[in-house]
Amino acid sequence: MLSFGSLASFILVGCAISARAETHTIEFVNNCGFGTPILEQNGNVLSTGAPFTINGPLIDAIAYLQTVAGNCGLEGQGCTIIVINLINPTSPGTNSNVSISLTPPAAFSVTTGYGFFNGCDGEGADCTNANCPAAETNGIVPVNPPCATDNVNLAITFCD
Ligand SMILES: *[C@@H]1O[C@H](CO)[C@@H](O)[C@H](O)[C@H]1NC(C)=O
């Protein structure tokens with residue numbers, strides 16, 4: 001029979017493993033009627049519109065709506081960019097944060113917004129024009145609230 005001590009350590013190990021299983025999903029909603037959502041990180045395309053799940057943090061990824069003619073550069077040059085950091089807050093100052101960037105070489109292309117879900121629901125931002133206050137323009141970063149909930153997910157919407 002399992003002693004109390006070994007049962008307790010079994011439970012502790014189980015909790016430690018489940019606490020380490022970080023996961024984040026990014027979903028796209030494209031209401032534009034054209035274009036292809038792109039999720040990109042370090043030159044690699046991670047999604048062209050399908051939900052993308054990563055088992056771990058997702059740091060310095062970007063998303064944008066590629067046009068039919070392919071006007072956006074691979075890094076979203078010429079288009080509205082969403083800059084994505086999804087990470088479980090393991091230490092003070094670490095958080096998930098997402099911003100909309102119109103800082104050149106990015107430029108306003110289509111209405112683009114994001115919202116957290118599975119945590120920080122209702123937090124997000126939307127950019128409907130080239131002067132939208134929610135977006136980073138010319139390197140000036142607005143204070144979009146970060147999210148400190150584990151395993152938070154992100155929805156990105158074009159033409160909402
Ligand atoms: C956004 O998250 C990344 C990864 O945790 C972090 O390095 C960066 O400092 C955060 N930025 C802000 C403005 O909180």
# chains A, B, ... in the order shown; residues from 1 in each chain; ligands from 1
$ closest_atom_pairs --of "chain A" --to "ligand 1" --cutoff "10 Å" --atoms "only C-alpha atoms and all ligand atoms" --output "JSON lines"
{"residue": "A:Pro57", "atom": "CA", "partner": "ligand 1", "partner_atom_place_in_ligand_line": "4 (C)", "distance": 8.6}
{"residue": "A:Leu58", "atom": "CA", "partner": "ligand 1", "partner_atom_place_in_ligand_line": "4 (C)", "distance": 8.5}
{"residue": "A:Ile59", "atom": "CA", "partner": "ligand 1", "partner_atom_place_in_ligand_line": "4 (C)", "distance": 6.2}
{"residue": "A:Asp60", "atom": "CA", "partner": "ligand 1", "partner_atom_place_in_ligand_line": "3 (C)", "distance": 7.8}
{"residue": "A:Val83", "atom": "CA", "partner": "ligand 1", "partner_atom_place_in_ligand_line": "1 (C)", "distance": 9.4}
{"residue": "A:Ile84", "atom": "CA", "partner": "ligand 1", "partner_atom_place_in_ligand_line": "1 (C)", "distance": 8.0}
{"residue": "A:Asn85", "atom": "CA", "partner": "ligand 1", "partner_atom_place_in_ligand_line": "2 (O)", "distance": 5.1}
{"residue": "A:Leu86", "atom": "CA", "partner": "ligand 1", "partner_atom_place_in_ligand_line": "4 (C)", "distance": 7.0}
{"residue": "A:Ile87", "atom": "CA", "partner": "ligand 1", "partner_atom_place_in_ligand_line": "5 (O)", "distance": 5.9}
{"residue": "A:Asn88", "atom": "CA", "partner": "ligand 1", "partner_atom_place_in_ligand_line": "5 (O)", "distance": 8.1}
{"residue": "A:Pro89", "atom": "CA", "partner": "ligand 1", "partner_atom_place_in_ligand_line": "5 (O)", "distance": 7.5}
{"residue": "A:Thr90", "atom": "CA", "partner": "ligand 1", "partner_atom_place_in_ligand_line": "5 (O)", "distance": 9.3}
{"residue": "A:Ser91", "atom": "CA", "partner": "ligand 1", "partner_atom_place_in_ligand_line": "5 (O)", "distance": 9.4}
{"residue": "A:Pro92", "atom": "CA", "partner": "ligand 1", "partner_atom_place_in_ligand_line": "5 (O)", "distance": 9.8}
{"residue": "A:Gly93", "atom": "CA", "partner": "ligand 1", "partner_atom_place_in_ligand_line": "14 (O)", "distance": 7.1}
{"residue": "A:Thr94", "atom": "CA", "partner": "ligand 1", "partner_atom_place_in_ligand_line": "5 (O)", "distance": 4.4}
{"residue": "A:Asn95", "atom": "CA", "partner": "ligand 1", "partner_atom_place_in_ligand_line": "5 (O)", "distance": 4.7}
{"residue": "A:Ser96", "atom": "CA", "partner": "ligand 1", "partner_atom_place_in_ligand_line": "2 (O)", "distance": 5.4}
{"residue": "A:Asn97", "atom": "CA", "partner": "ligand 1", "partner_atom_place_in_ligand_line": "1 (C)", "distance": 4.8}
{"residue": "A:Val98", "atom": "CA", "partner": "ligand 1", "partner_atom_place_in_ligand_line": "1 (C)", "distance": 7.3}
{"residue": "A:Ser99", "atom": "CA", "partner": "ligand 1", "partner_atom_place_in_ligand_line": "13 (C)", "distance": 8.7}
{"residue": "A:Val141", "atom": "CA", "partner": "ligand 1", "partner_atom_place_in_ligand_line": "13 (C)", "distance": 8.0}
{"residue": "A:Pro142", "atom": "CA", "partner": "ligand 1", "partner_atom_place_in_ligand_line": "13 (C)", "distance": 9.0}
{"residue": "A:Val143", "atom": "CA", "partner": "ligand 1", "partner_atom_place_in_ligand_line": "13 (C)", "distance": 7.6}
{"residue": "A:Asn144", "atom": "CA", "partner": "ligand 1", "partner_atom_place_in_ligand_line": "13 (C)", "distance": 8.3}
{"residue": "A:Pro145", "atom": "CA", "partner": "ligand 1", "partner_atom_place_in_ligand_line": "14 (O)", "distance": 8.5}
{"residue": "A:Pro146", "atom": "CA", "partner": "ligand 1", "partner_atom_place_in_ligand_line": "14 (O)", "distance": 6.4}
{"residue": "A:Cys147", "atom": "CA", "partner": "ligand 1", "partner_atom_place_in_ligand_line": "14 (O)", "distance": 9.2}
{"residue": "A:Ala148", "atom": "CA", "partner": "ligand 1", "partner_atom_place_in_ligand_line": "5 (O)", "distance": 9.9}
$ residues_around --residues "Leu65 (chain A)" --least-positions-apart "5" --cutoff "10 Å" --atoms "only C-alpha atoms" --output "PyMOL selection string"
chain A and resi 28+30+32+34-39+48-49+70-72+76+79-82+109-112+157-159
$ select_by_dssp --residues "region 8-157 of chain A" --states "strand (DSSP E)" --output "PDB file with N, CA and C atoms, in the first residue's frame"
ATOM      1  N   HIS A  24      -0.186  28.228 -24.971  1.00  0.00           N
ATOM      2  CA  HIS A  24      -0.895  29.415 -25.450  1.00  0.00           C
ATOM      3  C   HIS A  24      -1.419  29.138 -26.859  1.00  0.00           C
ATOM      4  N   THR A  25      -2.608  29.637 -27.130  1.00  0.00           N
ATOM      5  CA  THR A  25      -3.195  29.490 -28.467  1.00  0.00           C
ATOM      6  C   THR A  25      -3.504  30.868 -29.036  1.00  0.00           C
ATOM      7  N   ILE A  26      -3.225  31.027 -30.301  1.00  0.00           N
ATOM      8  CA  ILE A  26      -3.574  32.260 -31.013  1.00  0.00           C
ATOM      9  C   ILE A  26      -4.586  31.914 -32.089  1.00  0.00           C
ATOM     10  N   GLU A  27      -5.693  32.652 -32.089  1.00  0.00           N
ATOM     11  CA  GLU A  27      -6.744  32.428 -33.080  1.00  0.00           C
ATOM     12  C   GLU A  27      -6.933  33.682 -33.927  1.00  0.00           C
ATOM     13  N   PHE A  28      -7.350  33.491 -35.164  1.00  0.00           N
ATOM     14  CA  PHE A  28      -7.557  34.613 -36.081  1.00  0.00           C
ATOM     15  C   PHE A  28      -9.015  34.680 -36.528  1.00  0.00           C
ATOM     16  N   VAL A  29      -9.528  35.907 -36.619  1.00  0.00           N
ATOM     17  CA  VAL A  29     -10.828  36.151 -37.233  1.00  0.00           C
ATOM     18  C   VAL A  29     -10.585  37.179 -38.330  1.00  0.00           C
ATOM     19  N   ASN A  30     -10.805  36.774 -39.569  1.00  0.00           N
ATOM     20  CA  ASN A  30     -10.600  37.698 -40.686  1.00  0.00           C
ATOM     21  C   ASN A  30     -11.941  38.065 -41.299  1.00  0.00           C
ATOM     22  N   THR A  36      -4.660  37.015 -46.084  1.00  0.00           N
ATOM     23  CA  THR A  36      -4.273  35.828 -45.320  1.00  0.00           C
ATOM     24  C   THR A  36      -3.627  36.259 -44.014  1.00  0.00           C
ATOM     25  N   PRO A  37      -4.196  35.870 -42.872  1.00  0.00           N
ATOM     26  CA  PRO A  37      -3.517  36.156 -41.603  1.00  0.00           C
ATOM     27  C   PRO A  37      -2.171  35.430 -41.547  1.00  0.00           C
ATOM     28  N   ILE A  38      -1.155  36.150 -41.109  1.00  0.00           N
ATOM     29  CA  ILE A  38       0.184  35.562 -40.977  1.00  0.00           C
ATOM     30  C   ILE A  38       0.628  35.711 -39.524  1.00  0.00           C
ATOM     31  N   LEU A  39       1.119  34.603 -38.952  1.00  0.00           N
ATOM     32  CA  LEU A  39       1.799  34.638 -37.654  1.00  0.00           C
ATOM     33  C   LEU A  39       3.248  34.255 -37.926  1.00  0.00           C
ATOM     34  N   GLU A  40       4.166  35.123 -37.529  1.00  0.00           N
ATOM     35  CA  GLU A  40       5.569  34.947 -37.921  1.00  0.00           C
ATOM     36  C   GLU A  40       6.456  35.191 -36.711  1.00  0.00           C
ATOM     37  N   GLN A  41       7.551  34.434 -36.632  1.00  0.00           N
ATOM     38  CA  GLN A  41       8.536  34.623 -35.563  1.00  0.00           C
ATOM     39  C   GLN A  41       9.910  34.298 -36.122  1.00  0.00           C
ATOM     40  N   ASN A  44      10.144  32.710 -39.469  1.00  0.00           N
ATOM     41  CA  ASN A  44       9.373  31.488 -39.714  1.00  0.00           C
ATOM     42  C   ASN A  44       7.879  31.780 -39.640  1.00  0.00           C
ATOM     43  N   VAL A  45       7.130  31.356 -40.637  1.00  0.00           N
ATOM     44  CA  VAL A  45       5.676  31.503 -40.604  1.00  0.00           C
ATOM     45  C   VAL A  45       5.108  30.358 -39.766  1.00  0.00           C
ATOM     46  N   LEU A  46       4.428  30.719 -38.677  1.00  0.00           N
ATOM     47  CA  LEU A  46       3.870  29.720 -37.753  1.00  0.00           C
ATOM     48  C   LEU A  46       2.428  29.389 -38.089  1.00  0.00           C
ATOM     49  N   SER A  47       1.715  30.338 -38.712  1.00  0.00           N
ATOM     50  CA  SER A  47       0.328  30.095 -39.084  1.00  0.00           C
ATOM     51  C   SER A  47      -0.035  30.986 -40.252  1.00  0.00           C
ATOM     52  N   PHE A  52      -3.079  28.516 -33.769  1.00  0.00           N
ATOM     53  CA  PHE A  52      -1.719  28.052 -33.512  1.00  0.00           C
ATOM     54  C   PHE A  52      -1.544  27.889 -32.013  1.00  0.00           C
ATOM     55  N   THR A  53      -1.091  26.699 -31.607  1.00  0.00           N
ATOM     56  CA  THR A  53      -0.856  26.440 -30.181  1.00  0.00           C
ATOM     57  C   THR A  53       0.617  26.143 -29.965  1.00  0.00           C
ATOM     58  N   ILE A  54       1.184  26.763 -28.937  1.00  0.00           N
ATOM     59  CA  ILE A  54       2.571  26.508 -28.584  1.00  0.00           C
ATOM     60  C   ILE A  54       2.612  26.014 -27.149  1.00  0.00           C
ATOM     61  N   LEU A  58       5.625  32.235 -26.142  1.00  0.00           N
ATOM     62  CA  LEU A  58       5.789  32.722 -27.514  1.00  0.00           C
ATOM     63  C   LEU A  58       6.285  34.163 -27.400  1.00  0.00           C
ATOM     64  N   ILE A  59       7.540  34.388 -27.751  1.00  0.00           N
ATOM     65  CA  ILE A  59       8.182  35.687 -27.538  1.00  0.00           C
ATOM     66  C   ILE A  59       8.518  36.318 -28.887  1.00  0.00           C
ATOM     67  N   ASP A  60       8.202  37.602 -28.997  1.00  0.00           N
ATOM     68  CA  ASP A  60       8.567  38.373 -30.187  1.00  0.00           C
ATOM     69  C   ASP A  60       8.004  37.794 -31.474  1.00  0.00           C
ATOM     70  N   ALA A  61       6.776  37.354 -31.421  1.00  0.00           N
ATOM     71  CA  ALA A  61       6.095  36.946 -32.652  1.00  0.00           C
ATOM     72  C   ALA A  61       5.325  38.158 -33.172  1.00  0.00           C
ATOM     73  N   ILE A  62       5.032  38.156 -34.456  1.00  0.00           N
ATOM     74  CA  ILE A  62       4.201  39.222 -35.008  1.00  0.00           C
ATOM     75  C   ILE A  62       3.082  38.607 -35.838  1.00  0.00           C
ATOM     76  N   ALA A  63       2.009  39.381 -36.007  1.00  0.00           N
ATOM     77  CA  ALA A  63       0.902  38.952 -36.847  1.00  0.00           C
ATOM     78  C   ALA A  63       0.441  40.131 -37.681  1.00  0.00           C
ATOM     79  N   TYR A  64      -0.013  39.824 -38.877  1.00  0.00           N
ATOM     80  CA  TYR A  64      -0.558  40.856 -39.769  1.00  0.00           C
ATOM     81  C   TYR A  64      -1.411  40.172 -40.822  1.00  0.00           C
ATOM     82  N   LEU A  65      -2.171  40.983 -41.554  1.00  0.00           N
ATOM     83  CA  LEU A  65      -2.980  40.432 -42.644  1.00  0.00           C
ATOM     84  C   LEU A  65      -2.250  40.661 -43.963  1.00  0.00           C
ATOM     85  N   GLN A  66      -1.751  39.566 -44.525  1.00  0.00           N
ATOM     86  CA  GLN A  66      -1.111  39.671 -45.845  1.00  0.00           C
ATOM     87  C   GLN A  66      -2.185  39.913 -46.899  1.00  0.00           C
ATOM     88  N   ILE A  81       0.910  45.828 -37.725  1.00  0.00           N
ATOM     89  CA  ILE A  81       1.534  44.660 -37.082  1.00  0.00           C
ATOM     90  C   ILE A  81       1.033  44.525 -35.650  1.00  0.00           C
ATOM     91  N   ILE A  82       0.775  43.295 -35.247  1.00  0.00           N
ATOM     92  CA  ILE A  82       0.548  42.989 -33.832  1.00  0.00           C
ATOM     93  C   ILE A  82       1.818  42.324 -33.317  1.00  0.00           C
ATOM     94  N   VAL A  83       2.380  42.856 -32.231  1.00  0.00           N
ATOM     95  CA  VAL A  83       3.600  42.308 -31.635  1.00  0.00           C
ATOM     96  C   VAL A  83       3.193  41.518 -30.396  1.00  0.00           C
ATOM     97  N   ILE A  84       3.616  40.264 -30.351  1.00  0.00           N
ATOM     98  CA  ILE A  84       3.057  39.316 -29.377  1.00  0.00           C
ATOM     99  C   ILE A  84       4.127  38.733 -28.464  1.00  0.00           C
ATOM    100  N   ASN A  85       3.897  38.845 -27.146  1.00  0.00           N
ATOM    101  CA  ASN A  85       4.691  38.131 -26.143  1.00  0.00           C
ATOM    102  C   ASN A  85       3.721  37.420 -25.216  1.00  0.00           C
ATOM    103  N   LEU A  86       3.656  36.107 -25.304  1.00  0.00           N
ATOM    104  CA  LEU A  86       2.798  35.338 -24.402  1.00  0.00           C
ATOM    105  C   LEU A  86       3.698  34.468 -23.539  1.00  0.00           C
ATOM    106  N   ASN A  97       2.329  40.421 -22.987  1.00  0.00           N
ATOM    107  CA  ASN A  97       1.928  41.741 -23.485  1.00  0.00           C
ATOM    108  C   ASN A  97       1.868  41.726 -24.997  1.00  0.00           C
ATOM    109  N   VAL A  98       0.922  42.478 -25.488  1.00  0.00           N
ATOM    110  CA  VAL A  98       0.658  42.514 -26.925  1.00  0.00           C
ATOM    111  C   VAL A  98       0.488  43.970 -27.306  1.00  0.00           C
ATOM    112  N   SER A  99       1.035  44.371 -28.438  1.00  0.00           N
ATOM    113  CA  SER A  99       0.845  45.749 -28.874  1.00  0.00           C
ATOM    114  C   SER A  99       0.599  45.789 -30.370  1.00  0.00           C
ATOM    115  N   ILE A 100       0.003  46.887 -30.791  1.00  0.00           N
ATOM    116  CA  ILE A 100      -0.224  47.123 -32.212  1.00  0.00           C
ATOM    117  C   ILE A 100       0.835  48.127 -32.640  1.00  0.00           C
ATOM    118  N   SER A 101       1.548  47.840 -33.707  1.00  0.00           N
ATOM    119  CA  SER A 101       2.603  48.755 -34.143  1.00  0.00           C
ATOM    120  C   SER A 101       2.330  49.322 -35.529  1.00  0.00           C
ATOM    121  N   THR A 112      -7.187  46.430 -37.259  1.00  0.00           N
ATOM    122  CA  THR A 112      -6.606  45.252 -36.624  1.00  0.00           C
ATOM    123  C   THR A 112      -6.761  45.383 -35.116  1.00  0.00           C
ATOM    124  N   GLY A 113      -7.212  44.316 -34.484  1.00  0.00           N
ATOM    125  CA  GLY A 113      -7.381  44.347 -33.040  1.00  0.00           C
ATOM    126  C   GLY A 113      -7.017  43.011 -32.419  1.00  0.00           C
ATOM    127  N   TYR A 114      -6.877  43.025 -31.094  1.00  0.00           N
ATOM    128  CA  TYR A 114      -6.598  41.774 -30.386  1.00  0.00           C
ATOM    129  C   TYR A 114      -7.305  41.790 -29.039  1.00  0.00           C
ATOM    130  N   GLY A 115      -7.522  40.605 -28.505  1.00  0.00           N
ATOM    131  CA  GLY A 115      -8.074  40.468 -27.169  1.00  0.00           C
ATOM    132  C   GLY A 115      -7.565  39.188 -26.541  1.00  0.00           C
ATOM    133  N   PHE A 116      -7.276  39.252 -25.221  1.00  0.00           N
ATOM    134  CA  PHE A 116      -6.894  38.039 -24.490  1.00  0.00           C
ATOM    135  C   PHE A 116      -8.139  37.215 -24.207  1.00  0.00           C
ATOM    136  N   PHE A 117      -7.985  35.899 -24.150  1.00  0.00           N
ATOM    137  CA  PHE A 117      -9.040  35.049 -23.601  1.00  0.00           C
ATOM    138  C   PHE A 117      -8.414  33.889 -22.851  1.00  0.00           C
ATOM    139  N   GLY A 124      -7.710  44.234 -24.316  1.00  0.00           N
ATOM    140  CA  GLY A 124      -7.221  44.191 -25.676  1.00  0.00           C
ATOM    141  C   GLY A 124      -7.171  45.590 -26.234  1.00  0.00           C
ATOM    142  N   ALA A 125      -6.975  45.692 -27.525  1.00  0.00           N
ATOM    143  CA  ALA A 125      -6.912  46.991 -28.172  1.00  0.00           C
ATOM    144  C   ALA A 125      -7.301  46.821 -29.625  1.00  0.00           C
ATOM    145  N   ASP A 126      -7.652  47.936 -30.234  1.00  0.00           N
ATOM    146  CA  ASP A 126      -8.140  47.901 -31.601  1.00  0.00           C
ATOM    147  C   ASP A 126      -7.618  49.148 -32.308  1.00  0.00           C
ATOM    148  N   CYS A 127      -7.251  49.007 -33.544  1.00  0.00           N
ATOM    149  CA  CYS A 127      -6.702  50.124 -34.288  1.00  0.00           C
ATOM    150  C   CYS A 127      -7.452  50.237 -35.611  1.00  0.00           C
ATOM    151  N   ALA A 135      -2.158  52.320 -30.814  1.00  0.00           N
ATOM    152  CA  ALA A 135      -1.019  51.743 -31.534  1.00  0.00           C
ATOM    153  C   ALA A 135       0.274  52.454 -31.205  1.00  0.00           C
ATOM    154  N   GLU A 136       1.366  51.695 -31.297  1.00  0.00           N
ATOM    155  CA  GLU A 136       2.700  52.255 -31.203  1.00  0.00           C
ATOM    156  C   GLU A 136       3.007  52.931 -32.538  1.00  0.00           C
ATOM    157  N   ASN A 153      -4.606  33.023 -23.778  1.00  0.00           N
ATOM    158  CA  ASN A 153      -4.706  32.883 -25.236  1.00  0.00           C
ATOM    159  C   ASN A 153      -4.987  34.238 -25.860  1.00  0.00           C
ATOM    160  N   LEU A 154      -4.878  34.292 -27.174  1.00  0.00           N
ATOM    161  CA  LEU A 154      -5.015  35.568 -27.863  1.00  0.00           C
ATOM    162  C   LEU A 154      -5.868  35.401 -29.114  1.00  0.00           C
ATOM    163  N   ALA A 155      -6.827  36.315 -29.289  1.00  0.00           N
ATOM    164  CA  ALA A 155      -7.620  36.365 -30.524  1.00  0.00           C
ATOM    165  C   ALA A 155      -7.231  37.633 -31.274  1.00  0.00           C
ATOM    166  N   ILE A 156      -6.985  37.488 -32.558  1.00  0.00           N
ATOM    167  CA  ILE A 156      -6.616  38.622 -33.411  1.00  0.00           C
ATOM    168  C   ILE A 156      -7.682  38.760 -34.480  1.00  0.00           C
ATOM    169  N   THR A 157      -8.193  39.991 -34.631  1.00  0.00           N
ATOM    170  CA  THR A 157      -9.293  40.219 -35.567  1.00  0.00           C
ATOM    171  C   THR A 157      -8.893  41.264 -36.607  1.00  0.00           C
TER     172      THR A 157
END
$ atom_distance --atom1 "CA of Pro133 (chain A)" --atom2 "CA of Leu102 (chain A)"
10.6 Å
$ select_by_dssp --residues "chain A" --states "helix (DSSP H, G or I)" --output "PyMOL selection string"
chain A and resi 4-20
$ write_last_selection --atoms "N, CA and C atoms" --output "CSV table (one decimal), in the first residue's frame"
chain,number,residue,atom,x,y,z
A,4,PHE,N,1.6,7.4,3.2
A,4,PHE,CA,1.2,8.8,3.1
A,4,PHE,C,2.3,9.7,2.4
A,5,GLY,N,3.5,9.4,2.9
A,5,GLY,CA,4.6,10.2,2.4
A,5,GLY,C,4.8,10.1,0.9
A,6,SER,N,4.8,8.8,0.4
A,6,SER,CA,5.0,8.6,-1.1
A,6,SER,C,3.8,9.1,-1.8
A,7,LEU,N,2.6,9.0,-1.3
A,7,LEU,CA,1.4,9.6,-1.9
A,7,LEU,C,1.5,11.1,-2.1
A,8,ALA,N,2.0,11.7,-1.0
A,8,ALA,CA,2.1,13.2,-1.0
A,8,ALA,C,3.1,13.6,-2.0
A,9,SER,N,4.3,12.9,-2.1
A,9,SER,CA,5.3,13.3,-3.0
A,9,SER,C,4.8,13.0,-4.5
A,10,PHE,N,4.0,12.0,-4.6
A,10,PHE,CA,3.4,11.7,-6.0
A,10,PHE,C,2.6,12.8,-6.4
A,11,ILE,N,1.7,13.3,-5.5
A,11,ILE,CA,0.8,14.5,-5.8
A,11,ILE,C,1.7,15.7,-6.1
A,12,LEU,N,2.7,16.0,-5.3
A,12,LEU,CA,3.5,17.1,-5.5
A,12,LEU,C,4.2,17.1,-6.8
A,13,VAL,N,4.8,15.9,-7.2
A,13,VAL,CA,5.4,15.8,-8.5
A,13,VAL,C,4.4,16.1,-9.6
A,14,GLY,N,3.2,15.5,-9.5
A,14,GLY,CA,2.2,15.7,-10.5
A,14,GLY,C,1.8,17.2,-10.6
A,15,CYS,N,1.7,17.9,-9.5
A,15,CYS,CA,1.4,19.3,-9.6
A,15,CYS,C,2.5,20.1,-10.3
A,16,ALA,N,3.8,19.7,-9.9
A,16,ALA,CA,4.9,20.4,-10.5
A,16,ALA,C,4.9,20.2,-12.0
A,17,ILE,N,4.6,19.0,-12.5
A,17,ILE,CA,4.6,18.8,-13.9
A,17,ILE,C,3.5,19.6,-14.6
A,18,SER,N,2.2,19.5,-14.0
A,18,SER,CA,1.2,20.3,-14.7
A,18,SER,C,1.4,21.8,-14.6
A,19,ALA,N,2.1,22.3,-13.6
A,19,ALA,CA,2.4,23.7,-13.5
A,19,ALA,C,3.3,24.1,-14.6
A,20,ARG,N,4.2,23.2,-15.0
A,20,ARG,CA,5.2,23.5,-16.0
A,20,ARG,C,4.6,23.4,-17.4
$ closest_residue --among "A:Asn42, A:Asn131, A:Thr137, A:Asn118" --to "Asp150 (chain A)" --atoms "only C-alpha atoms"
A:Asn118
$ atom_distance --atom1 "CA of Pro51 (chain A)" --atom2 "CA of Val152 (chain A)"
14.1 Å
$ atom_distance --atom1 "CA of Gly73 (chain A)" --atom2 "CA of Asn55 (chain A)"
27.4 Å
$ closest_residue --among "A:Gly139, A:Gly56, A:Gly119, A:Pro105" --to "Leu74 (chain A)" --atoms "only C-alpha atoms"
A:Pro105
$ decode --residues "region 46-59 of chain A" --atoms "N, CA and C atoms" --output "PDB file, in the first residue's frame"
ATOM      1  N   LEU A  46       4.428  30.719 -38.677  1.00  0.00           N
ATOM      2  CA  LEU A  46       3.870  29.720 -37.753  1.00  0.00           C
ATOM      3  C   LEU A  46       2.428  29.389 -38.089  1.00  0.00           C
ATOM      4  N   SER A  47       1.715  30.338 -38.712  1.00  0.00           N
ATOM      5  CA  SER A  47       0.328  30.095 -39.084  1.00  0.00           C
ATOM      6  C   SER A  47      -0.035  30.986 -40.252  1.00  0.00           C
ATOM      7  N   THR A  48      -0.912  30.482 -41.115  1.00  0.00           N
ATOM      8  CA  THR A  48      -1.503  31.294 -42.178  1.00  0.00           C
ATOM      9  C   THR A  48      -3.005  31.377 -41.957  1.00  0.00           C
ATOM     10  N   GLY A  49      -3.417  31.420 -40.699  1.00  0.00           N
ATOM     11  CA  GLY A  49      -4.814  31.635 -40.373  1.00  0.00           C
ATOM     12  C   GLY A  49      -5.419  30.567 -39.478  1.00  0.00           C
ATOM     13  N   ALA A  50      -4.835  29.391 -39.449  1.00  0.00           N
ATOM     14  CA  ALA A  50      -5.341  28.341 -38.561  1.00  0.00           C
ATOM     15  C   ALA A  50      -4.930  28.664 -37.124  1.00  0.00           C
ATOM     16  N   PRO A  51      -5.717  28.202 -36.142  1.00  0.00           N
ATOM     17  CA  PRO A  51      -5.302  28.402 -34.747  1.00  0.00           C
ATOM     18  C   PRO A  51      -3.915  27.801 -34.529  1.00  0.00           C
ATOM     19  N   PHE A  52      -3.079  28.516 -33.769  1.00  0.00           N
ATOM     20  CA  PHE A  52      -1.719  28.052 -33.512  1.00  0.00           C
ATOM     21  C   PHE A  52      -1.544  27.889 -32.013  1.00  0.00           C
ATOM     22  N   THR A  53      -1.091  26.699 -31.607  1.00  0.00           N
ATOM     23  CA  THR A  53      -0.856  26.440 -30.181  1.00  0.00           C
ATOM     24  C   THR A  53       0.617  26.143 -29.965  1.00  0.00           C
ATOM     25  N   ILE A  54       1.184  26.763 -28.937  1.00  0.00           N
ATOM     26  CA  ILE A  54       2.571  26.508 -28.584  1.00  0.00           C
ATOM     27  C   ILE A  54       2.612  26.014 -27.149  1.00  0.00           C
ATOM     28  N   ASN A  55       3.444  24.986 -26.891  1.00  0.00           N
ATOM     29  CA  ASN A  55       3.600  24.461 -25.539  1.00  0.00           C
ATOM     30  C   ASN A  55       4.831  25.102 -24.913  1.00  0.00           C
ATOM     31  N   GLY A  56       4.630  26.338 -24.438  1.00  0.00           N
ATOM     32  CA  GLY A  56       5.720  27.130 -23.899  1.00  0.00           C
ATOM     33  C   GLY A  56       5.425  28.573 -24.224  1.00  0.00           C
ATOM     34  N   PRO A  57       6.345  29.479 -23.901  1.00  0.00           N
ATOM     35  CA  PRO A  57       6.103  30.892 -24.207  1.00  0.00           C
ATOM     36  C   PRO A  57       6.269  31.184 -25.695  1.00  0.00           C
ATOM     37  N   LEU A  58       5.625  32.235 -26.142  1.00  0.00           N
ATOM     38  CA  LEU A  58       5.789  32.722 -27.514  1.00  0.00           C
ATOM     39  C   LEU A  58       6.285  34.163 -27.400  1.00  0.00           C
ATOM     40  N   ILE A  59       7.540  34.388 -27.751  1.00  0.00           N
ATOM     41  CA  ILE A  59       8.182  35.687 -27.538  1.00  0.00           C
ATOM     42  C   ILE A  59       8.518  36.318 -28.887  1.00  0.00           C
TER      43      ILE A  59
END
